[in-house]
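final06.tsv follows (TSV, C-alpha atoms and all ligand atoms):
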```
chain	number	residue	atom	x	y	z
R	2	MET	CA	-1.35	-1.36	21.34
R	3	GLY	CA	-0.27	-0.97	17.77
R	4	LEU	CA	-2.57	-0.24	14.85
R	5	LEU	CA	-1.33	-3.36	13.06
R	6	GLU	CA	0.18	-6.31	14.85
R	7	THR	CA	1.24	-9.64	13.48
R	8	THR	CA	2.07	-12.54	15.76
R	9	ASP	CA	4.27	-15.35	14.45
R	10	LEU	CA	2.77	-14.76	11.03
R	11	THR	CA	3.85	-17.57	8.71
R	12	LYS	CA	3.21	-18.47	5.08
R	13	SER	CA	4.55	-21.60	3.45
R	14	PHE	CA	4.36	-22.46	-0.22
R	15	GLY	CA	4.95	-26.19	-0.23
R	16	GLY	CA	8.38	-26.62	1.31
R	17	LEU	CA	9.27	-22.94	1.11
R	18	THR	CA	8.56	-20.70	4.10
R	19	ALA	CA	8.12	-17.31	2.44
R	20	VAL	CA	7.11	-15.53	5.67
R	21	ASP	CA	8.49	-17.10	8.82
R	22	ARG	CA	7.07	-16.21	12.26
R	23	VAL	CA	7.00	-12.47	11.62
R	24	ASN	CA	6.05	-10.19	14.51
R	25	LEU	CA	5.22	-6.68	13.40
R	26	ASP	CA	3.89	-3.89	15.55
R	27	ILE	CA	3.03	-0.72	13.68
R	28	GLU	CA	1.84	2.24	15.73
R	29	GLU	CA	-0.72	4.73	14.52
R	30	GLY	CA	0.93	7.52	12.57
R	31	GLU	CA	4.18	5.66	11.96
R	32	SER	CA	5.88	5.17	8.61
R	33	VAL	CA	7.43	1.75	8.56
R	34	SER	CA	9.45	0.40	5.67
R	35	VAL	CA	9.97	-3.27	5.04
R	36	ILE	CA	13.16	-3.94	3.15
R	37	GLY	CA	15.08	-7.05	2.21
R	38	PRO	CA	16.65	-8.85	-0.75
R	39	ASN	CA	14.59	-10.25	-3.64
R	40	GLY	CA	12.45	-13.14	-2.48
R	41	ALA	CA	12.68	-12.10	1.19
R	42	GLY	CA	8.89	-12.33	1.57
R	43	LYS	CA	7.96	-8.63	1.48
R	44	SER	CA	5.15	-8.87	-1.06
R	45	THR	CA	3.89	-12.08	0.54
R	46	LEU	CA	3.68	-10.23	3.85
R	47	ILE	CA	1.53	-7.52	2.23
R	48	ASN	CA	-0.62	-10.18	0.55
R	49	LEU	CA	-1.20	-11.82	3.93
R	50	ILE	CA	-2.23	-8.55	5.57
R	51	THR	CA	-4.63	-7.65	2.74
R	52	ARG	CA	-5.94	-11.26	2.80
R	53	MET	CA	-4.99	-11.94	-0.80
R	54	LEU	CA	-3.29	-15.01	0.67
R	55	ASP	CA	-4.24	-17.25	3.58
R	56	ALA	CA	-1.71	-17.42	6.40
R	57	SER	CA	-0.35	-20.86	7.24
R	58	SER	CA	-0.22	-19.91	10.92
R	59	GLY	CA	-0.04	-16.92	13.23
R	60	ASP	CA	-2.33	-13.95	13.68
R	61	ILE	CA	-2.90	-10.49	12.25
R	62	ARG	CA	-4.65	-7.86	14.35
R	63	PHE	CA	-5.84	-4.48	13.13
R	64	LYS	CA	-7.18	-1.99	15.68
R	65	GLY	CA	-7.14	-4.85	18.14
R	66	ASP	CA	-9.29	-7.26	16.12
R	67	SER	CA	-8.03	-10.34	14.37
R	68	ILE	CA	-8.31	-10.07	10.59
R	69	VAL	CA	-6.40	-13.26	9.82
R	70	ALA	CA	-9.56	-14.94	8.52
R	71	ALA	CA	-11.38	-11.83	7.23
R	72	GLU	CA	-12.53	-11.37	3.66
R	73	PRO	CA	-10.35	-8.99	1.62
R	74	HIS	CA	-13.13	-6.40	1.27
R	75	GLU	CA	-13.72	-6.53	5.01
R	76	VAL	CA	-10.07	-5.65	5.59
R	77	VAL	CA	-10.55	-2.64	3.29
R	78	GLN	CA	-13.69	-1.61	5.18
R	79	ARG	CA	-11.83	-1.77	8.46
R	80	GLY	CA	-9.32	0.73	7.11
R	81	VAL	CA	-6.48	-1.08	5.35
R	82	SER	CA	-5.76	-0.10	1.76
R	83	ARG	CA	-3.12	-1.12	-0.67
R	84	SER	CA	-1.69	0.77	-3.59
R	85	PHE	CA	-1.80	-1.67	-6.48
R	86	GLN	CA	0.25	-1.31	-9.57
R	87	THR	CA	-1.32	-0.30	-12.89
R	88	ALA	CA	-3.81	-3.19	-12.72
R	89	SER	CA	-6.23	-1.03	-10.75
R	90	ILE	CA	-6.48	1.64	-13.48
R	91	PHE	CA	-9.01	1.46	-16.33
R	92	PRO	CA	-6.83	2.77	-19.18
R	93	ASP	CA	-9.63	3.93	-21.49
R	94	LEU	CA	-11.45	5.94	-18.86
R	95	THR	CA	-10.55	9.45	-17.76
R	96	VAL	CA	-8.71	10.20	-14.56
R	97	GLU	CA	-11.95	11.43	-13.00
R	98	GLU	CA	-13.92	8.34	-14.09
R	99	ASN	CA	-11.23	6.13	-12.58
R	100	ALA	CA	-11.49	8.08	-9.35
R	101	GLN	CA	-15.28	7.80	-9.36
R	102	ILE	CA	-15.16	4.05	-9.83
R	103	ALA	CA	-12.73	3.73	-6.93
R	104	ALA	CA	-14.97	5.96	-4.82
R	105	LEU	CA	-18.04	3.88	-5.73
R	106	ALA	CA	-16.22	0.66	-4.91
R	107	ALA	CA	-15.18	2.12	-1.57
R	108	GLU	CA	-18.73	3.25	-0.79
R	109	HIS	CA	-20.11	-0.19	-1.43
R	110	GLY	CA	-17.41	-2.08	0.39
R	111	SER	CA	-16.53	-4.07	-2.64
R	112	PHE	CA	-17.05	-3.54	-6.31
R	113	ARG	CA	-20.55	-4.66	-7.16
R	114	PHE	CA	-21.95	-4.43	-10.60
R	115	ASN	CA	-25.36	-3.20	-9.47
R	116	PHE	CA	-23.99	0.23	-8.65
R	117	LEU	CA	-25.64	1.84	-11.67
R	118	ARG	CA	-28.99	1.33	-10.01
R	119	ARG	CA	-27.94	3.23	-6.92
R	120	ARG	CA	-28.34	6.88	-7.73
R	121	ASP	CA	-28.75	8.08	-4.17
R	122	SER	CA	-25.06	8.38	-3.41
R	123	TYR	CA	-23.78	9.94	-6.64
R	124	GLY	CA	-23.11	13.29	-4.99
R	125	GLU	CA	-21.00	11.68	-2.31
R	126	VAL	CA	-19.10	9.63	-4.85
R	127	ASP	CA	-18.28	12.70	-6.92
R	128	ASP	CA	-17.19	14.51	-3.82
R	129	LEU	CA	-14.93	11.69	-2.65
R	130	ALA	CA	-13.47	11.32	-6.16
R	131	ARG	CA	-12.68	15.02	-6.20
R	132	ARG	CA	-11.04	14.93	-2.79
R	133	MET	CA	-8.86	12.00	-3.72
R	134	LEU	CA	-7.75	13.61	-6.97
R	135	ASP	CA	-7.00	16.79	-5.05
R	136	ALA	CA	-4.97	14.83	-2.52
R	137	VAL	CA	-2.73	13.36	-5.23
R	138	GLY	CA	-2.58	16.53	-7.33
R	139	LEU	CA	-4.48	15.19	-10.35
R	140	TRP	CA	-7.64	17.30	-10.27
R	141	SER	CA	-6.42	19.55	-13.08
R	142	GLN	CA	-5.89	16.43	-15.22
R	143	ARG	CA	-9.28	14.91	-14.48
R	144	ASN	CA	-10.37	14.86	-18.14
R	145	VAL	CA	-7.23	13.14	-19.42
R	146	THR	CA	-7.67	9.52	-20.51
R	147	ALA	CA	-5.71	7.42	-18.02
R	148	VAL	CA	-3.65	5.67	-20.69
R	149	ASP	CA	-2.29	9.05	-21.81
R	150	LEU	CA	-0.95	10.02	-18.39
R	151	PRO	CA	2.81	10.10	-17.95
R	152	TYR	CA	4.07	7.09	-15.98
R	153	GLY	CA	4.57	9.01	-12.74
R	154	ASP	CA	1.00	10.36	-12.88
R	155	LYS	CA	-0.37	6.85	-13.42
R	156	ARG	CA	1.32	5.78	-10.22
R	157	ARG	CA	-0.09	8.88	-8.54
R	158	LEU	CA	-3.56	7.84	-9.69
R	159	GLU	CA	-2.98	4.38	-8.20
R	160	ILE	CA	-2.17	5.97	-4.88
R	161	GLY	CA	-5.31	8.09	-5.23
R	162	ILE	CA	-7.37	4.97	-5.92
R	163	ALA	CA	-5.93	3.34	-2.80
R	164	LEU	CA	-6.97	6.42	-0.81
R	165	ALA	CA	-10.59	6.25	-1.98
R	166	SER	CA	-11.54	3.88	0.83
R	167	GLU	CA	-10.26	6.52	3.29
R	168	PRO	CA	-7.84	4.11	4.95
R	169	ASP	CA	-6.04	4.41	8.26
R	170	LEU	CA	-3.23	2.18	7.04
R	171	LEU	CA	-1.82	2.43	3.53
R	172	LEU	CA	0.33	-0.43	2.27
R	173	MET	CA	2.57	0.27	-0.68
R	174	ASP	CA	4.65	-2.28	-2.56
R	175	GLU	CA	7.48	-0.56	-4.43
R	176	PRO	CA	5.49	2.56	-5.38
R	177	THR	CA	8.40	4.07	-7.28
R	178	ALA	CA	9.43	1.00	-9.28
R	179	GLY	CA	10.21	2.00	-12.86
R	180	MET	CA	10.09	5.74	-12.18
R	181	SER	CA	12.58	8.33	-13.31
R	182	PRO	CA	14.53	10.09	-10.54
R	183	GLU	CA	12.25	13.11	-10.91
R	184	GLU	CA	9.07	11.04	-10.72
R	185	THR	CA	10.52	9.22	-7.73
R	186	ALA	CA	11.22	12.48	-5.92
R	187	ASN	CA	7.68	13.68	-6.68
R	188	THR	CA	6.21	10.44	-5.39
R	189	VAL	CA	8.17	10.62	-2.16
R	190	GLU	CA	6.87	14.15	-1.70
R	191	LEU	CA	3.35	12.95	-2.46
R	192	ILE	CA	3.57	10.13	0.08
R	193	GLU	CA	4.68	12.59	2.73
R	194	GLU	CA	1.94	15.05	1.81
R	195	VAL	CA	-0.93	12.57	1.88
R	196	LYS	CA	0.41	11.06	5.08
R	197	GLU	CA	0.19	14.44	6.79
R	198	GLU	CA	-3.02	15.55	5.18
R	199	LEU	CA	-4.95	12.34	5.72
R	200	ASP	CA	-3.34	11.29	8.98
R	201	LEU	CA	-2.18	7.97	7.55
R	202	THR	CA	-0.06	5.17	8.88
R	203	ILE	CA	2.15	3.80	6.14
R	204	MET	CA	3.83	0.47	5.52
R	205	LEU	CA	6.13	0.73	2.56
R	206	VAL	CA	8.00	-2.01	0.73
R	207	GLU	CA	10.79	-0.42	-1.23
R	208	HIS	CA	14.15	-1.23	-2.77
R	209	ASP	CA	15.33	2.34	-3.15
R	210	MET	CA	17.27	3.04	0.04
R	211	GLU	CA	17.19	6.78	-0.43
R	212	ILE	CA	13.40	6.70	-0.25
R	213	VAL	CA	13.41	4.31	2.68
R	214	PHE	CA	15.75	6.49	4.68
R	215	ASN	CA	13.79	9.61	3.79
R	216	VAL	CA	10.31	8.50	4.65
R	217	SER	CA	10.65	5.89	7.41
R	218	ASP	CA	10.38	6.32	11.13
R	219	ARG	CA	11.33	2.68	11.45
R	220	ILE	CA	12.68	-0.04	9.20
R	221	VAL	CA	12.03	-3.77	9.38
R	222	VAL	CA	14.51	-5.98	7.53
R	223	LEU	CA	13.33	-9.31	6.17
R	224	ASN	CA	15.61	-12.04	4.90
R	225	ARG	CA	14.31	-15.44	3.79
R	226	GLY	CA	11.00	-14.74	5.46
R	227	SER	CA	12.37	-13.76	8.87
R	228	VAL	CA	12.88	-10.39	10.49
R	229	ILE	CA	16.65	-10.07	10.92
R	230	ALA	CA	16.74	-6.48	12.14
R	231	GLU	CA	14.52	-3.54	12.94
R	232	GLY	CA	15.02	-0.05	14.22
R	233	THR	CA	15.51	3.52	13.11
R	234	PRO	CA	17.16	4.05	9.73
R	235	GLU	CA	20.45	4.79	11.51
R	236	GLU	CA	20.28	1.63	13.61
R	237	VAL	CA	19.47	-0.59	10.67
R	238	GLN	CA	22.09	0.90	8.41
R	239	GLY	CA	24.87	-0.01	10.82
R	240	ASP	CA	23.66	-3.56	11.46
R	241	PRO	CA	26.23	-6.14	10.31
R	242	GLU	CA	23.60	-8.81	9.64
R	243	VAL	CA	21.75	-6.41	7.36
R	244	GLN	CA	24.89	-5.60	5.43
R	245	GLU	CA	25.58	-9.32	5.11
R	246	ALA	CA	22.05	-10.05	3.81
R	247	TYR	CA	22.55	-7.43	1.13
R	248	LEU	CA	25.92	-8.68	-0.07
R	249	GLY	CA	24.23	-10.91	-2.66
R	250	GLY	CA	24.23	-8.11	-5.20
R	251	VAL	CA	20.91	-6.49	-4.38
R	252	GLU	CA	21.00	-2.74	-4.82
R	253	VAL	CA	21.25	-1.01	-1.45
R	301	LIG	N1	2.11	-17.76	-4.98
R	301	LIG	C1	3.32	-18.28	-4.73
R	301	LIG	N2	3.56	-19.60	-4.88
R	301	LIG	C2	4.77	-20.13	-4.61
R	301	LIG	N3	5.82	-19.42	-4.17
R	301	LIG	C3	5.65	-18.10	-4.01
R	301	LIG	C4	4.40	-17.45	-4.28
R	301	LIG	N4	4.53	-16.12	-4.01
R	301	LIG	C5	5.80	-15.94	-3.60
R	301	LIG	N5	6.47	-17.12	-3.60
R	301	LIG	C6	7.87	-17.31	-3.17
R	301	LIG	O1	7.97	-16.80	-1.86
R	301	LIG	C7	9.22	-16.12	-1.69
R	301	LIG	C8	8.96	-14.69	-1.27
R	301	LIG	O2	8.41	-14.00	-2.37
R	301	LIG	P1	7.98	-12.48	-2.31
R	301	LIG	O3	7.37	-12.14	-3.61
R	301	LIG	O4	7.18	-12.25	-1.10
R	301	LIG	O5	9.39	-11.76	-2.15
R	301	LIG	P2	9.73	-10.19	-2.17
R	301	LIG	O6	10.49	-9.91	-0.93
R	301	LIG	O7	8.51	-9.41	-2.43
R	301	LIG	O8	10.71	-10.11	-3.40
R	301	LIG	P3	10.96	-8.91	-4.48
R	301	LIG	O9	11.88	-7.95	-3.80
R	301	LIG	O10	11.63	-9.60	-5.61
R	301	LIG	O11	9.63	-8.33	-4.83
R	301	LIG	C9	9.96	-16.25	-3.01
R	301	LIG	O12	10.83	-17.35	-2.91
R	301	LIG	C10	8.85	-16.52	-4.00
R	301	LIG	O13	9.33	-17.28	-5.08
R	302	MG	MG	7.90	-8.13	-3.95
```
Show the structure stored in the file as structure tokens.
Amino acid sequence: MGLLETTDLTKSFGGLTAVDRVNLDIEEGESVSVIGPNGAGKSTLINLITRMLDASSGDIRFKGDSIVAAEPHEVVQRGVSRSFQTASIFPDLTVEENAQIAALAAEHGSFRFNFLRRRDSYGEVDDLARRMLDAVGLWSQRNVTAVDLPYGDKRRLEIGIALASEPDLLLMDEPTAGMSPEETANTVELIEEVKEELDLTIMLVEHDMEIVFNVSDRIVVLNRGSVIAEGTPEEVQGDPEVQEAYLGGVEV
């Protein structure tokens, strides 16, 4: 049994079927990349799994239990985390304060504004914040105001924030978008490091094929909401239907 399984997962927006009967089976410890042209349904798929969106039909199972109707914070508590883009960072707070807030939110299941009254778990929160900053290599920059971090380090902090809930499965939607080649290389290294160190299963949505081929055990190709191919990087690369789907000018 896989860690994450979707069965005929479908999402329609009016007449448009953004995700169309998708069957995923991600094993524990795997790195799976989901690729596909713009509008293929990749982000929608992540939004369904994290319960940001309601599925139109089909099922999602995590560790054997259906989460298709779960609350988003419940999905996090069960061990699914998502690396958001800069929206999850408080720009005027320091790196360490950002980490502490993420750690607090993780401790309490969801972000509740009564946390200031709970002093009992401060030690644990500090400890978790420190471990997550260590994991993403930002401990030495803990006193820097987040807004002043270089772009690549901001994205690193986002990954750290996603790790605060100590997930089993980390979902990432284009984690290297907008990065310089050097920042991209560092991020790929970081993803591989935290995967090893924290024993993570990873589902990555990414346009940059070099990254995809470097970090994936398996690739799932979406086109117009449907899975058109899946396999090892080598298998997918040689697939004529995949090459065809990418002929519309999307960078491969
Ligand atoms: N909230 C929404 N309401 C209506 N249509 C939507 C919504 N979200 C996504 N769509 C549509 O669903 C389709 C899939 O979008 P999605 O964002 O999942 O694609 P994607 O594969 O992530 O694309 P990209 O590579 O550009 O990020 C697109 O046609 C998009 O316009
Ligand atoms: Mg997207």
*To one decimal in Å, tell me the separation between CA of Met53 in chain R and CA of Val237 in chain R.*
29.3 Å
*Using only C-alpha atoms and all ligand atoms, find the one residue out of R:Ile162, R:Ile36, R:Ile27, R:Ala41 that sits nearest to ligand LIG 301 (chain R).*
R:Ala41
*Please give me, as a list in words, the residues lying within 10 Å of ligand MG 302 (chain R) when counting all atoms listed in the file.*
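After applying the 10 Å limit, what remains is Ile36, Gly37, Pro38, Asn39, Gly40, Ala41, Gly42, Lys43, Ser44, Thr45, Leu46, Ile47, Asn48, Asp174, Glu175, Val206, Glu207 and His208 of chain R.
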*Closest to Ala186 in chain R among R:Ala136, R:Val216, R:Val77, R:Leu4, using all atoms listed in the file?*
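Comparing R:Ala136, R:Val216, R:Val77, R:Leu4 against Ala186 in chain R, the winner is R:Val216.
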*For Ala163 in chain R, list every protein, DNA or RNA residue within 7 Å, evaluated using all atoms listed in the file, and leave out those in the same chain fewer than 5 positions away; present the list as a PyMOL selection string.*
chain R and resi 82-84
*Pick out the closest residue to ligand LIG 301 (chain R) from this set: R:Asn224, R:Ser181, R:Asn215, R:Ser58. Count only C-alpha atoms and all ligand atoms.*
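The closest residue to ligand LIG 301 (chain R) is R:Asn224.
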*Spatial neighbours of Leu201 in chain R, 7 Å, only C-alpha atoms, chain gap at least 5 places, as a PyMOL selection string*: chain R and resi 30+169-171+196
*Could you pull the residues within 7 Å of Glu31 in chain R, counting all atoms listed in the file, minus those fewer than 5 positions along the same chain, as a ChimeraX atom specification?*
/R:202-203,218
*Find the residues near Val195 in chain R: any atom within 10 Å, counting all atoms listed in the file, skip ones fewer than 4 places away on the same chain, and give them as a list in words.*
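Within the cut-off, the hits are Met133, Ala136, Val137, Ile160, Gly161, Leu164, Glu190, Leu191, Leu199, Asp200 and Leu201 of chain R.
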Which residues of range 32-139 of chain R come within 9 Å of range 210-214 of chain R, and what is each one's closest atom pair and distance in Å (one decimal), counting only C-alpha atoms, sorted by chain and residue number, as CSV?
```
residue,atom,partner,partner_atom,distance
R:Val33,CA,R:Val213,CA,8.8
R:Ser34,CA,R:Val213,CA,6.3
R:Val35,CA,R:Val213,CA,8.7
R:Ile36,CA,R:Val213,CA,8.3
```
*What does the distance between CA of Met173 in chain R and CA of Leu54 in chain R come to in Å, to one decimal place?*
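Value for the CA of Met173 in chain R-CA of Leu54 in chain R distance: 16.4 Å.
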*asked:* Excluding Val23 in chain R and its own-chain neighbours fewer than 2 positions away, which residues fall within 8 Å of it when counting all atoms listed in the file? Please give them as a list of chain:residue names.
replied: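 Residues meeting the cut-off are R:Thr7, R:Thr8, R:Asp9, R:Leu10, R:Thr11, R:Val20, R:Asp21, R:Leu25, R:Gly226, R:Ser227, R:Val228.
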*Between R:Leu94, R:Ala178, R:Val81, R:Ile229, which one has atoms that come closest to ligand LIG 301 (chain R), using only C-alpha atoms and all ligand atoms?*
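When distances to ligand LIG 301 (chain R) are compared using only C-alpha atoms and all ligand atoms, the smallest one comes from R:Ala178.
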Kindly compute an axis-aligned box around the listed atoms of ligand LIG 301 (chain R), allowing 6 Å on each side, and express its centre and edge lengths in Å to one decimal as AutoDock Vina command-line options.
```
--center_x 7.0 --center_y -14.0 --center_z -3.3 --size_x 21.8 --size_y 24.2 --size_z 16.7
```
*May I ask which of the residues R:Gly15, R:Pro241, R:Gly3, R:Gly80 is the closest one to ligand LIG 301 (chain R), counting only C-alpha atoms and all ligand atoms?*
R:Gly15
_Quick check, in Å to one decimal: how far apart do CA of Asn187 in chain R and CA of Gly138 in chain R lie?_
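That distance, rounded to one decimal, is 10.7 Å.
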*R:Gly65, R:Met204, R:Arg79, R:Ala147: which is nearest Glu98 in chain R, counting all atoms listed in the file?*
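The shortest atom-to-atom distance to Glu98 in chain R comes from R:Ala147.
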*Within-8 Å shell of (-4.7, -5.9, 11.1) in input frame, all atoms listed in the file, as a list of chain:residue names*: R:Leu4, R:Leu5, R:Glu6, R:Thr7, R:Ile50, R:Ile61, R:Arg62, R:Phe63, R:Lys64, R:Gly65, R:Asp66, R:Ser67, R:Ile68, R:Val69, R:Val76, R:Val81
*Could you tell me, as number ranges by chain, which residues have any atom at most 9 Å from (15.6, 2.8, 13.7), counting all atoms listed in the file?*
R: 217-221, 231-238
